[in-house]
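Trainee: File follows, target_26.cif with mmCIF, C-alpha atoms:
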data_start
loop_
_atom_site.label_atom_id
_atom_site.label_comp_id
_atom_site.auth_asym_id
_atom_site.auth_seq_id
_atom_site.Cartn_x
_atom_site.Cartn_y
_atom_site.Cartn_z
CA MET R 1 9.65 15.87 21.24
CA THR R 2 9.31 14.97 17.56
CA ALA R 3 10.34 11.71 15.94
CA VAL R 4 13.25 12.21 13.57
CA LEU R 5 14.26 9.40 11.21
CA ASP R 6 17.99 8.77 11.41
CA GLY R 7 18.63 5.36 9.86
CA ILE R 8 17.26 2.79 7.43
CA GLY R 9 18.08 -0.80 6.49
CA VAL R 10 16.26 -3.40 4.39
CA ALA R 11 16.33 -7.13 3.67
CA VAL R 12 14.63 -9.34 1.10
CA PRO R 13 14.89 -13.11 0.55
CA ARG R 14 17.35 -14.19 -2.14
CA GLN R 15 14.89 -16.18 -4.22
CA VAL R 16 13.16 -14.21 -6.96
CA VAL R 17 9.97 -15.53 -8.58
CA THR R 18 9.14 -13.91 -11.91
CA ASN R 19 5.79 -13.68 -13.68
CA ASP R 20 7.06 -16.25 -16.16
CA ASP R 21 7.88 -18.61 -13.28
CA LEU R 22 4.31 -18.25 -12.03
CA SER R 23 2.87 -18.72 -15.51
CA GLN R 24 4.47 -22.16 -15.62
CA ARG R 25 2.08 -23.47 -13.00
CA LEU R 26 -0.77 -20.93 -12.88
CA ALA R 27 -3.16 -19.95 -15.63
CA THR R 28 -1.77 -16.44 -15.93
CA SER R 29 0.75 -14.53 -18.01
CA ASP R 30 3.45 -11.95 -17.61
CA GLU R 31 1.35 -9.57 -19.68
CA TRP R 32 -1.77 -10.00 -17.55
CA ILE R 33 0.13 -9.51 -14.30
CA ARG R 34 2.08 -6.48 -15.53
CA THR R 35 -0.90 -4.65 -16.98
CA ARG R 36 -3.15 -5.30 -14.00
CA THR R 37 -0.61 -4.73 -11.25
CA GLY R 38 2.72 -3.45 -12.55
CA ILE R 39 4.48 -6.37 -10.86
CA ALA R 40 7.24 -8.24 -12.73
CA GLN R 41 8.76 -10.26 -9.90
CA ARG R 42 8.66 -10.80 -6.17
CA HIS R 43 11.10 -12.17 -3.53
CA ILE R 44 9.90 -15.30 -1.77
CA ALA R 45 11.32 -16.60 1.50
CA ASP R 46 12.76 -20.08 1.74
CA PRO R 47 10.60 -22.33 4.00
CA SER R 48 13.22 -22.10 6.76
CA VAL R 49 12.93 -18.31 6.89
CA ALA R 50 10.31 -16.64 9.09
CA THR R 51 9.36 -13.02 9.59
CA SER R 52 11.70 -12.45 12.55
CA ASP R 53 14.63 -13.58 10.38
CA LEU R 54 13.90 -10.91 7.77
CA ALA R 55 13.29 -8.33 10.50
CA VAL R 56 16.65 -9.11 12.11
CA GLU R 57 18.42 -8.90 8.76
CA ALA R 58 16.91 -5.48 8.03
CA ALA R 59 17.76 -4.29 11.55
CA GLU R 60 21.36 -5.48 11.17
CA ALA R 61 21.65 -3.67 7.85
CA LEU R 62 20.42 -0.52 9.57
CA LEU R 63 22.65 -0.90 12.65
CA LYS R 64 25.71 -1.28 10.41
CA THR R 65 25.12 2.25 9.14
CA THR R 66 24.69 3.73 12.63
CA PRO R 67 27.21 1.98 14.87
CA GLY R 68 27.16 3.04 18.50
CA ASN R 69 23.59 4.39 18.38
CA GLN R 70 21.40 2.94 21.12
CA VAL R 71 17.88 1.72 20.53
CA ASP R 72 15.61 1.82 23.57
CA ALA R 73 12.36 0.53 22.08
CA LEU R 74 11.50 -1.71 19.15
CA ILE R 75 8.26 -2.02 17.21
CA VAL R 76 7.54 -4.55 14.47
CA ALA R 77 4.68 -3.88 12.10
CA THR R 78 3.53 -7.21 10.70
CA THR R 79 0.52 -9.34 9.83
CA THR R 80 2.62 -12.49 9.43
CA ALA R 81 4.24 -12.99 12.82
CA ASP R 82 6.34 -16.11 13.40
CA HIS R 83 3.82 -17.25 16.02
CA LEU R 84 0.50 -16.14 17.52
CA MET R 85 2.64 -15.45 20.54
CA PRO R 86 5.05 -14.04 21.34
CA GLY R 87 5.15 -11.19 18.88
CA VAL R 88 8.04 -10.73 16.49
CA ALA R 89 9.51 -7.73 18.33
CA PRO R 90 10.83 -9.54 21.44
CA LEU R 91 12.38 -12.22 19.21
CA VAL R 92 14.19 -9.49 17.30
CA THR R 93 15.46 -7.63 20.36
CA ALA R 94 16.80 -10.92 21.77
CA ARG R 95 18.59 -11.82 18.52
CA LEU R 96 20.09 -8.34 18.27
CA GLY R 97 21.19 -8.35 21.91
CA LEU R 98 19.36 -5.11 22.61
CA GLY R 99 18.57 -6.00 26.20
CA ALA R 100 15.27 -5.73 28.04
CA ILE R 101 13.88 -2.83 26.03
CA PRO R 102 10.15 -2.42 25.32
CA ALA R 103 9.24 -4.47 22.27
CA PHE R 104 5.83 -5.03 20.70
CA ASP R 105 4.10 -5.69 17.40
CA VAL R 106 1.63 -3.48 15.59
CA GLN R 107 -0.94 -5.15 13.35
CA ALA R 108 -2.49 -2.78 10.85
CA ALA R 109 -1.96 -4.92 7.77
CA CYS R 110 -0.55 -2.96 4.83
CA SER R 111 -0.92 0.29 6.81
CA GLY R 112 1.28 -1.24 9.51
CA PHE R 113 4.44 0.71 8.84
CA ILE R 114 2.73 4.07 9.09
CA TYR R 115 0.92 2.96 12.26
CA GLY R 116 4.33 1.73 13.48
CA LEU R 117 5.86 5.16 12.81
CA ALA R 118 2.95 6.79 14.66
CA SER R 119 3.43 4.42 17.60
CA GLY R 120 7.17 5.14 17.66
CA ALA R 121 6.47 8.86 17.50
CA GLY R 122 4.08 8.39 20.40
CA LEU R 123 6.68 6.66 22.55
CA ILE R 124 9.06 9.52 21.87
CA ALA R 125 6.47 12.23 22.55
CA ALA R 126 5.52 10.54 25.83
CA GLY R 127 9.16 10.40 26.89
CA ILE R 128 9.03 6.59 26.99
CA ALA R 129 11.85 6.16 24.49
CA GLU R 130 14.53 8.27 22.90
CA ARG R 131 15.33 6.11 19.92
CA VAL R 132 12.80 3.66 18.54
CA MET R 133 13.44 1.11 15.83
CA VAL R 134 10.36 0.53 13.67
CA ILE R 135 10.48 -2.51 11.41
CA GLY R 136 7.97 -3.50 8.75
CA ALA R 137 8.46 -7.22 8.12
CA GLU R 138 6.35 -9.80 6.30
CA VAL R 139 6.41 -13.29 4.86
CA MET R 140 3.21 -12.81 2.89
CA SER R 141 3.94 -15.84 0.73
CA ARG R 142 3.12 -18.08 3.66
CA ILE R 143 -0.45 -16.80 4.07
CA VAL R 144 -1.17 -16.71 0.35
CA ASP R 145 -2.57 -19.69 -1.55
CA GLN R 146 0.21 -20.27 -4.09
CA ASP R 147 -2.29 -22.11 -6.30
CA ASP R 148 -4.65 -19.12 -6.48
CA ARG R 149 -3.60 -17.02 -9.45
CA GLY R 150 -5.64 -14.07 -8.16
CA THR R 151 -3.51 -13.58 -5.07
CA ALA R 152 -0.30 -15.58 -5.61
CA VAL R 153 0.91 -13.06 -8.18
CA LEU R 154 0.46 -10.04 -5.92
CA PHE R 155 2.50 -10.58 -2.79
CA GLY R 156 6.17 -10.78 -1.91
CA ASP R 157 8.32 -11.06 1.21
CA GLY R 158 10.71 -8.58 2.79
CA ALA R 159 11.56 -6.28 5.67
CA GLY R 160 12.60 -2.67 6.22
CA ALA R 161 13.80 -1.05 9.44
CA VAL R 162 14.15 2.59 10.41
CA THR R 163 15.18 4.32 13.61
CA LEU R 164 13.37 7.33 15.00
CA ARG R 165 15.17 9.51 17.53
CA ALA R 166 13.79 12.25 19.78
CA GLY R 167 14.33 15.57 18.04
CA THR R 168 12.61 18.74 16.91
CA PRO R 169 10.25 19.45 13.99
CA ASP R 170 12.73 21.66 12.17
CA GLN R 171 15.34 18.91 11.82
CA LEU R 172 15.84 16.94 8.62
CA GLY R 173 14.19 13.57 9.07
CA ALA R 174 11.32 14.92 11.20
CA VAL R 175 8.20 12.80 10.81
CA GLY R 176 4.67 14.11 11.16
CA PRO R 177 1.88 15.03 11.33
CA PHE R 178 -0.14 11.85 10.86
CA ASP R 179 -3.58 11.06 9.50
CA LEU R 180 -4.82 7.59 10.47
CA GLY R 181 -8.16 5.88 10.04
CA SER R 182 -10.09 2.64 9.78
CA ASP R 183 -13.32 1.12 8.48
CA GLY R 184 -14.02 -2.21 10.09
CA GLU R 185 -17.30 -2.60 8.22
CA GLN R 186 -15.21 -3.72 5.27
CA ALA R 187 -13.32 -6.40 7.18
CA ARG R 188 -14.25 -9.24 4.86
CA GLN R 189 -12.98 -7.50 1.72
CA LEU R 190 -9.36 -8.32 2.58
CA PHE R 191 -9.48 -11.29 4.80
CA VAL R 192 -7.66 -14.23 6.33
CA GLU R 193 -10.58 -16.13 7.76
CA THR R 194 -9.24 -18.98 9.90
CA GLY R 195 -6.35 -19.48 12.26
CA GLY R 196 -7.41 -16.99 14.92
CA THR R 197 -9.85 -17.13 17.80
CA ARG R 198 -12.94 -16.67 15.62
CA THR R 199 -12.31 -19.88 13.69
CA PRO R 200 -9.29 -21.96 14.68
CA VAL R 201 -7.81 -24.32 12.08
CA VAL R 202 -9.02 -27.76 13.19
CA ASP R 203 -9.99 -29.70 10.06
CA PRO R 204 -9.51 -29.76 6.28
CA ASP R 205 -12.26 -27.18 5.75
CA THR R 206 -10.82 -24.57 8.11
CA GLN R 207 -7.39 -25.41 6.73
CA ARG R 208 -8.56 -24.53 3.25
CA ARG R 209 -9.83 -21.18 4.48
CA ARG R 210 -6.53 -20.15 6.07
CA PHE R 211 -5.33 -18.15 3.04
CA LEU R 212 -5.64 -14.47 2.22
CA ARG R 213 -8.58 -13.61 0.06
CA MET R 214 -9.74 -10.30 -1.25
CA ASP R 215 -12.32 -8.62 -3.41
CA GLY R 216 -9.84 -6.91 -5.72
CA LYS R 217 -12.24 -4.39 -7.18
CA GLN R 218 -13.64 -3.32 -3.82
CA VAL R 219 -10.15 -3.03 -2.38
CA TYR R 220 -9.03 -0.97 -5.38
CA ARG R 221 -11.99 1.36 -5.01
CA HIS R 222 -11.56 1.90 -1.26
CA ALA R 223 -7.76 2.12 -1.44
CA VAL R 224 -7.80 4.85 -4.05
CA ARG R 225 -10.42 6.86 -2.21
CA ARG R 226 -9.02 6.50 1.30
CA MET R 227 -5.37 7.13 0.42
CA THR R 228 -6.33 10.18 -1.63
CA GLU R 229 -8.55 11.65 1.09
CA SER R 230 -6.09 10.86 3.87
CA SER R 231 -3.22 12.48 1.96
CA GLN R 232 -5.30 15.54 1.21
CA ARG R 233 -6.38 15.92 4.85
CA LEU R 234 -2.80 15.55 5.96
CA LEU R 235 -1.54 18.22 3.59
CA ASP R 236 -4.33 20.56 4.71
CA ARG R 237 -3.44 19.97 8.36
CA ALA R 238 0.22 20.65 7.67
CA GLY R 239 -0.65 23.82 5.79
CA LEU R 240 0.93 22.45 2.62
CA THR R 241 -0.16 21.79 -0.94
CA VAL R 242 0.78 19.01 -3.28
CA ASP R 243 3.36 21.33 -4.85
CA ASP R 244 5.31 21.18 -1.58
CA VAL R 245 5.66 17.39 -1.91
CA ASP R 246 8.94 16.36 -3.56
CA ARG R 247 8.39 12.61 -3.49
CA PHE R 248 5.28 10.47 -3.10
CA VAL R 249 5.90 7.11 -1.44
CA ALA R 250 2.71 5.10 -1.19
CA HIS R 251 2.25 1.54 -0.03
CA GLN R 252 3.37 -0.53 -3.00
CA ALA R 253 0.34 -2.71 -3.59
CA ASN R 254 -0.38 -2.23 -7.25
CA LEU R 255 0.98 0.28 -9.72
CA ARG R 256 -2.50 1.22 -10.91
CA ILE R 257 -3.58 2.18 -7.42
CA LEU R 258 -0.43 4.29 -7.01
CA MET R 259 -1.06 6.03 -10.30
CA ALA R 260 -4.74 6.60 -9.53
CA VAL R 261 -3.95 8.20 -6.16
CA ALA R 262 -1.07 10.30 -7.50
CA ASP R 263 -3.26 11.39 -10.39
CA ARG R 264 -6.06 12.50 -8.08
CA LEU R 265 -3.67 14.38 -5.82
CA GLY R 266 -2.02 16.04 -8.79
CA ILE R 267 1.41 14.52 -8.20
CA PRO R 268 3.47 14.23 -11.39
CA ASP R 269 4.88 10.86 -12.45
CA GLU R 270 8.50 11.75 -11.82
CA ARG R 271 7.79 12.43 -8.14
CA ARG R 272 6.00 9.14 -7.63
CA VAL R 273 8.26 6.45 -6.16
CA SER R 274 7.52 2.91 -7.16
CA ASN R 275 9.34 -0.40 -6.89
CA VAL R 276 6.32 -2.67 -6.91
CA ASP R 277 7.63 -4.12 -10.17
CA ARG R 278 10.52 -5.72 -8.32
CA TYR R 279 9.03 -6.61 -4.95
CA GLY R 280 5.27 -7.03 -5.36
CA ASN R 281 3.09 -6.18 -2.40
CA THR R 282 5.17 -6.72 0.75
CA SER R 283 2.51 -5.29 3.04
CA ALA R 284 4.08 -3.49 6.03
CA ALA R 285 7.57 -3.82 4.51
CA SER R 286 6.68 -2.03 1.31
CA ILE R 287 7.14 1.56 2.43
CA PRO R 288 10.60 1.15 4.01
CA LEU R 289 11.68 -0.93 0.98
CA ALA R 290 10.52 1.90 -1.28
CA LEU R 291 12.19 4.59 0.85
CA ALA R 292 15.51 2.75 0.75
CA ASP R 293 15.27 2.27 -2.98
CA ALA R 294 14.23 5.72 -4.07
CA GLY R 295 17.50 7.64 -4.09
CA LEU R 296 16.04 10.28 -1.80
CA ARG R 297 18.03 13.44 -1.20
CA PRO R 298 18.40 15.17 2.16
CA GLY R 299 15.75 17.84 2.62
CA GLU R 300 13.24 16.34 0.20
CA ARG R 301 9.70 16.46 1.55
CA ILE R 302 8.04 13.09 1.31
CA LEU R 303 4.36 12.16 1.51
CA LEU R 304 3.80 8.60 2.73
CA THR R 305 0.41 6.94 2.48
CA ALA R 306 -0.87 3.41 2.95
CA PHE R 307 -4.05 1.38 2.97
CA GLY R 308 -4.70 -2.17 4.05
CA SER R 309 -6.91 -4.79 5.52
CA GLY R 310 -9.20 -3.56 8.26
CA PHE R 311 -9.72 -1.54 6.36
CA THR R 312 -6.97 0.65 7.76
CA TRP R 313 -5.19 3.64 6.26
CA GLY R 314 -2.60 6.17 7.25
CA SER R 315 -0.53 9.01 5.87
CA THR R 316 2.36 11.06 7.14
CA LEU R 317 4.86 13.61 5.98
CA MET R 318 8.58 13.71 6.53
CA THR R 319 11.70 15.37 5.27
CA TRP R 320 14.49 13.05 4.26
CA PRO R 321 17.54 13.21 6.54
CA ASP R 322 21.19 13.38 5.60
CA LEU R 323 22.15 9.77 6.28
CA ASP R 324 25.56 9.71 4.67
CA LEU R 325 25.05 6.06 3.66
CA MET M 1 -25.63 13.74 -27.89
CA SER M 2 -26.16 14.71 -24.28
CA ALA M 3 -23.88 16.55 -21.91
CA VAL M 4 -23.39 13.30 -19.99
CA TYR M 5 -22.21 11.52 -23.14
CA ASP M 6 -19.76 14.33 -23.80
CA LYS M 7 -18.48 14.10 -20.23
CA VAL M 8 -18.06 10.32 -20.46
CA LYS M 9 -16.19 10.82 -23.73
CA GLN M 10 -13.95 13.42 -22.12
CA LEU M 11 -13.22 11.09 -19.17
CA LEU M 12 -12.28 8.28 -21.51
CA VAL M 13 -9.95 10.50 -23.52
CA ASP M 14 -8.36 12.39 -20.63
CA LYS M 15 -8.16 9.72 -17.93
CA PHE M 16 -7.96 6.52 -19.94
CA GLY M 17 -6.05 7.65 -23.00
CA VAL M 18 -8.69 6.37 -25.38
CA PRO M 19 -8.26 7.81 -28.89
CA GLU M 20 -11.18 10.15 -29.50
CA ASP M 21 -11.97 8.70 -32.93
CA GLU M 22 -12.57 5.25 -31.36
CA ILE M 23 -15.39 6.55 -29.19
CA SER M 24 -18.94 6.05 -30.40
CA PRO M 25 -22.25 5.25 -28.70
CA THR M 26 -21.99 1.61 -29.75
CA ALA M 27 -18.38 1.13 -28.62
CA THR M 28 -17.94 -1.24 -25.67
CA PHE M 29 -15.36 -0.97 -22.91
CA THR M 30 -13.67 -4.04 -24.36
CA ASP M 31 -13.51 -2.38 -27.79
CA LEU M 32 -11.78 0.54 -26.09
CA ASP M 33 -9.23 -1.73 -24.42
CA LEU M 34 -10.39 -1.09 -20.86
CA ASP M 35 -10.07 -3.92 -18.34
CA SER M 36 -11.89 -4.74 -15.12
CA LEU M 37 -9.78 -2.34 -13.02
CA ASP M 38 -10.43 0.41 -15.57
CA LEU M 39 -14.14 -0.19 -15.00
CA VAL M 40 -13.67 0.35 -11.26
CA GLU M 41 -11.64 3.46 -12.02
CA PHE M 42 -14.35 4.62 -14.38
CA ALA M 43 -17.04 4.08 -11.74
CA LEU M 44 -14.96 6.09 -9.25
CA ALA M 45 -14.48 8.88 -11.78
CA ALA M 46 -18.22 8.88 -12.55
CA GLU M 47 -18.89 9.31 -8.86
CA GLU M 48 -16.45 12.17 -8.54
CA GLU M 49 -17.30 14.04 -11.70
CA LEU M 50 -20.97 13.25 -12.24
CA GLY M 51 -22.13 12.73 -8.67
CA VAL M 52 -23.57 9.25 -9.25
CA ARG M 53 -22.71 5.96 -7.58
CA ILE M 54 -22.22 2.90 -9.78
CA THR M 55 -21.89 -0.40 -7.96
CA ASP M 56 -19.45 -3.07 -9.13
CA GLU M 57 -22.40 -5.23 -10.21
CA GLU M 58 -23.80 -2.41 -12.34
CA ALA M 59 -20.35 -1.68 -13.75
CA GLU M 60 -20.00 -5.32 -14.77
CA GLN M 61 -23.31 -5.13 -16.68
CA LEU M 62 -22.21 -2.14 -18.71
CA ASP M 63 -21.81 -2.96 -22.35
CA THR M 64 -21.84 -0.03 -24.78
CA LEU M 65 -21.17 3.63 -24.04
CA ASP M 66 -24.80 4.25 -24.88
CA ASP M 67 -25.85 1.86 -22.05
CA THR M 68 -23.41 3.61 -19.75
CA VAL M 69 -24.73 7.07 -20.50
CA LYS M 70 -28.33 5.85 -20.06
CA LEU M 71 -27.47 4.36 -16.67
CA LEU M 72 -25.72 7.51 -15.54
CA GLU M 73 -28.61 9.69 -16.67
CA GLN M 74 -31.09 7.37 -14.92
CA LYS M 75 -29.14 7.89 -11.72
CA GLY M 76 -29.37 11.64 -12.11
CA ALA M 77 -25.93 12.43 -13.40
CA THR M 78 -25.35 16.13 -13.76
CA VAL M 79 -22.57 17.91 -15.54
CA GLU M 80 -21.65 21.24 -14.04
CA GLY M 81 -22.45 24.13 -16.30
CA ALA M 82 -24.80 22.06 -18.45
CA GLY M 83 -28.59 22.56 -18.65
#
Now that the file is in, can you turn its structure into structure tokens?
Mentor:
Amino acid sequence: MTAVLDGIGVAVPRQVVTNDDLSQRLATSDEWIRTRTGIAQRHIADPSVATSDLAVEAAEALLKTTPGNQVDALIVATTTADHLMPGVAPLVTARLGLGAIPAFDVQAACSGFIYGLASGAGLIAAGIAERVMVIGAEVMSRIVDQDDRGTAVLFGDGAGAVTLRAGTPDQLGAVGPFDLGSDGEQARQLFVETGGTRTPVVDPDTQRRRFLRMDGKQVYRHAVRRMTESSQRLLDRAGLTVDDVDRFVAHQANLRILMAVADRLGIPDERRVSNVDRYGNTSAASIPLALADAGLRPGERILLTAFGSGFTWGSTLMTWPDLDL
Amino acid sequence: MSAVYDKVKQLLVDKFGVPEDEISPTATFTDLDLDSLDLVEFALAAEEELGVRITDEEAEQLDTLDDTVKLLEQKGATVEGAG
């Protein structure tokens, strides 16, 4: 059986932080941020809001559009879980009253949503579930040093949920095939050093090293190459060319990366979906946020691609369903 | 001017939107309004189109286009169809 997308819902925190807001306390400017990244603003969660809260909100938004549909498995793609344990997924199923269904997290950083879709598709193909909810949810602001102008400007918070039902490849909403990969040699290029089992946070020094850090230029270089190659391999495997792609929805990290990948693939500007200006990099939430935002029409063929810490990367194809939202 | 210089010039015009009349051997990337991410993009493009690998450290050292062309030629850059 093939995974067929049949619902979507998103949630972002109310508070918006603009580039000008950041320029008040960081040595940066709206112009610098826009030209380097394409970001104008990002949504930042209130301190009382954790990742499961955003995940639940996105799920509720989705469930409102598909009343009566049962979910029998739930996956949350996140790097910023509420706790080291349990994962976010069981918290979400409990809050939604979904019963004792299988629930687990997938951690593939910014590639998480695509890995989450692949995992959901796997559950369906194995006959383990008939309708899987996959949620990408992050509170990136809480792992970012808000005093570091290099990273504070890049990330935002949010969540997006989709449901995948068991169906057939010819149906609108069918997802697949997938191209997934990783390169753990580059682990330190996009890195949260302390707070795990390698180096627990126990003193001021390890506390200082608990924030996300990255080598921007290396990440840019690898992201452009890996997303381009993954997308190309995927199209080849599906027997398609870039002309068959109606919309290009890449992980919304940085407008320049999106443009560089689209350019290399030969995808024209008008087919490239981007909302990074409004949300910043929301990691695993970015693709569902972009899908919800894009005004997609039923039957459109969409190429999704992502790249993140790991390094990890993933691409998939889908046709957009008729959701009657 | 060499085939590599012409290729670099073409890359700058086509991929980076640099006005052709601003390009000269003594022009620097800063003169041409290219920032640090453009340099990474340029290094990637050099790899793809000229078959040479420029590291980030080397890219940071690049000053004028003349320097750039020299570095690329040193690394064995070849332009398809050129001698």
Trainee: Chain R residues within 12 Å of chain M, counting only C-alpha atoms: which ones, as JSON, numbers by chain?
Mentor: {"R": [32, 35, 36, 37, 215, 216, 217, 218, 219, 220, 221, 222, 223, 224, 225, 254, 255, 256, 257, 259, 260, 261, 263, 264]}
Trainee: Apply the PyMOL selection byres ((chain M and resi 4) around 8) to the file shown and report the selected residues as an MDAnalysis selection string.
Mentor: chainID M and resid 2:3 5:8 69 72:73 77:79
Trainee: Quick one: distance from atom CA of R:Leu96 to atom CA of R:Glu57 in Å, one decimal?
Mentor: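 Atom-to-atom, atom CA of R:Leu96 and atom CA of R:Glu57 are spaced 9.7 Å apart.
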Trainee: Between atom CA of R:Val175 and atom CA of R:Ile124, measure the distance and give it in Å to one decimal.
Mentor: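 Here the two named atoms are 11.6 Å from each other.
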Trainee: Set the distance at 12 Å and use all atoms listed in the file: which residues neighbour M:Leu71 once local chain neighbours fewer than 3 positions away are removed? I'd like the list as a list in words.
Mentor: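 The residues satisfying every condition are Val4, Tyr5, Val8, Ala43, Ala46, Leu50, Val52, Arg53, Ile54, Thr55, Glu58, Ala59, Gln61, Leu62, Asp63, Thr64, Leu65, Asp66, Asp67, Thr68, Gln74, Lys75, Gly76 and Ala77 of chain M.
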Trainee: For the structure shown, which residues end up in the PyMOL selection byres ((chain R and resi 16) around 8)? Put them as a CSV table (one decimal) with C-alpha atoms, keeping the file's coordinate frame, please?
Mentor:
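Dumped to result37.csv:
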chain,number,residue,atom,x,y,z
R,13,PRO,CA,14.9,-13.1,0.6
R,14,ARG,CA,17.4,-14.2,-2.1
R,15,GLN,CA,14.9,-16.2,-4.2
R,17,VAL,CA,10.0,-15.5,-8.6
R,18,THR,CA,9.1,-13.9,-11.9
R,41,GLN,CA,8.8,-10.3,-9.9
R,42,ARG,CA,8.7,-10.8,-6.2
R,43,HIS,CA,11.1,-12.2,-3.5
R,44,ILE,CA,9.9,-15.3,-1.8
Trainee: Looking at all atoms listed in the file, which of R:Gly280, R:Gly7, R:Gly196, R:Gly173 is the one that sits closest to R:Arg301?
Mentor: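 Ranked by minimum distance to R:Arg301, first place goes to R:Gly173.
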Trainee: May I ask which of the residues M:Phe16, M:Thr28, M:Ile23, M:Gln10 is the closest one to M:Glu49, counting only C-alpha atoms?
Mentor: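 Of M:Phe16, M:Thr28, M:Ile23, M:Gln10, the one nearest M:Glu49 is M:Gln10, counting only C-alpha atoms.
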Trainee: Taking 3 positions as the minimum chain separation for residues in the same chain, which residues sit within 6 Å of R:Asn19 when counting all atoms listed in the file? Answer as JSON, numbers by chain.
Mentor: {"R": [22, 30, 40, 41]}
Trainee: Could you save the residues just selected, with C-alpha atoms, as a compact mmCIF listing (two decimals), in the frame of the given file?
Mentor:
# COMPACT_ATOMS: atom_id res chain seq x y z
CA LEU R 22 4.31 -18.25 -12.03
CA ASP R 30 3.45 -11.95 -17.61
CA ALA R 40 7.24 -8.24 -12.73
CA GLN R 41 8.76 -10.26 -9.90
Trainee: May I ask for the distance between atom CA of R:Ala284 and atom CA of R:Ile135, given in Å to one decimal place?
Mentor: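 Rounded to one decimal, the two atoms are 8.4 Å apart.
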Trainee: Applying the PyMOL selection byres ((chain R and resi 143) around 9) to the file I just gave you, which residues come out? Please list them as a ChimeraX atom specification.
Mentor: /R:80,139-142,144-146,192,210-212
Trainee: What's the 12 Å shell around R:Asn69, counting only C-alpha atoms, without same-chain residues fewer than 5 positions away, as a ChimeraX atom specification?
Mentor: /R:6-7,62-64,98,130-133,163-165
Trainee: Which residues, written as a short mmCIF file (atom, residue, chain, number, x, y, z; two decimals) with C-alpha atoms, in the coordinates of the input, have at least one atom at most 10 Å from R:Asp147, with all atoms listed in the file counted and residues fewer than 2 positions away on the same chain left out?
Mentor:
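Saved as out-v3.cif:
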data_model
loop_
_atom_site.label_atom_id
_atom_site.label_comp_id
_atom_site.auth_asym_id
_atom_site.auth_seq_id
_atom_site.Cartn_x
_atom_site.Cartn_y
_atom_site.Cartn_z
CA LEU R 22 4.31 -18.25 -12.03
CA ARG R 25 2.08 -23.47 -13.00
CA LEU R 26 -0.77 -20.93 -12.88
CA ALA R 27 -3.16 -19.95 -15.63
CA VAL R 144 -1.17 -16.71 0.35
CA ASP R 145 -2.57 -19.69 -1.55
CA ARG R 149 -3.60 -17.02 -9.45
CA GLY R 150 -5.64 -14.07 -8.16
CA THR R 151 -3.51 -13.58 -5.07
CA ALA R 152 -0.30 -15.58 -5.61
CA VAL R 153 0.91 -13.06 -8.18
#
Trainee: I need the residue nearest R:Pro169 from this list: R:Leu304, R:Val202, R:Ala45, R:Ala3. Use only C-alpha atoms for the distance.
Mentor: R:Ala3
Trainee: Which one is closest to R:Gln107: R:Thr78, R:Ser119, R:Thr93, R:Ser29? Count all atoms listed in the file.
Mentor: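 Smallest distance to R:Gln107 is found for R:Thr78.
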Trainee: Dump as a list in words all residues having an atom at most 9 Å from (8.0, -2.8, 18.5), computed in the file's coordinates with all atoms listed in the file.
Mentor: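 The residues that fall inside the cut-off are Ala73, Leu74, Ile75, Val76, Ala77, Gly87, Val88, Ala89, Pro90, Pro102, Ala103, Phe104, Asp105, Val106, Gly116, Ser119, Gly120, Val132, Met133, Val134 and Ile135 of chain R.
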Trainee: For stretch 243-252 of chain R, supply N, CA and C atoms and format the output as a PDB file, in the coordinates of the input.
Mentor:
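Output file part_28.pdb is given in full below:
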ATOM      1  N   ASP R 243       2.144  20.780  -4.243  1.00  0.00           N
ATOM      2  CA  ASP R 243       3.360  21.330  -4.850  1.00  0.00           C
ATOM      3  C   ASP R 243       4.547  21.304  -3.887  1.00  0.00           C
ATOM      4  N   ASP R 244       4.228  21.218  -2.572  1.00  0.00           N
ATOM      5  CA  ASP R 244       5.310  21.180  -1.580  1.00  0.00           C
ATOM      6  C   ASP R 244       5.881  19.774  -1.433  1.00  0.00           C
ATOM      7  N   VAL R 245       5.232  18.783  -2.053  1.00  0.00           N
ATOM      8  CA  VAL R 245       5.660  17.390  -1.910  1.00  0.00           C
ATOM      9  C   VAL R 245       6.693  17.071  -3.005  1.00  0.00           C
ATOM     10  N   ASP R 246       7.904  16.693  -2.579  1.00  0.00           N
ATOM     11  CA  ASP R 246       8.940  16.360  -3.560  1.00  0.00           C
ATOM     12  C   ASP R 246       8.815  14.924  -4.043  1.00  0.00           C
ATOM     13  N   ARG R 247       8.483  14.025  -3.109  1.00  0.00           N
ATOM     14  CA  ARG R 247       8.390  12.610  -3.490  1.00  0.00           C
ATOM     15  C   ARG R 247       7.159  11.991  -2.827  1.00  0.00           C
ATOM     16  N   PHE R 248       6.499  11.129  -3.562  1.00  0.00           N
ATOM     17  CA  PHE R 248       5.280  10.470  -3.100  1.00  0.00           C
ATOM     18  C   PHE R 248       5.597   8.984  -2.947  1.00  0.00           C
ATOM     19  N   VAL R 249       5.581   8.514  -1.693  1.00  0.00           N
ATOM     20  CA  VAL R 249       5.900   7.110  -1.440  1.00  0.00           C
ATOM     21  C   VAL R 249       4.670   6.455  -0.831  1.00  0.00           C
ATOM     22  N   ALA R 250       3.915   5.771  -1.663  1.00  0.00           N
ATOM     23  CA  ALA R 250       2.710   5.100  -1.190  1.00  0.00           C
ATOM     24  C   ALA R 250       3.008   3.631  -0.973  1.00  0.00           C
ATOM     25  N   HIS R 251       2.152   2.985  -0.203  1.00  0.00           N
ATOM     26  CA  HIS R 251       2.250   1.540  -0.030  1.00  0.00           C
ATOM     27  C   HIS R 251       2.217   0.896  -1.409  1.00  0.00           C
ATOM     28  N   GLN R 252       3.182   0.032  -1.657  1.00  0.00           N
ATOM     29  CA  GLN R 252       3.370  -0.530  -3.000  1.00  0.00           C
ATOM     30  C   GLN R 252       2.510  -1.778  -3.197  1.00  0.00           C
TER      31      GLN R 252
END
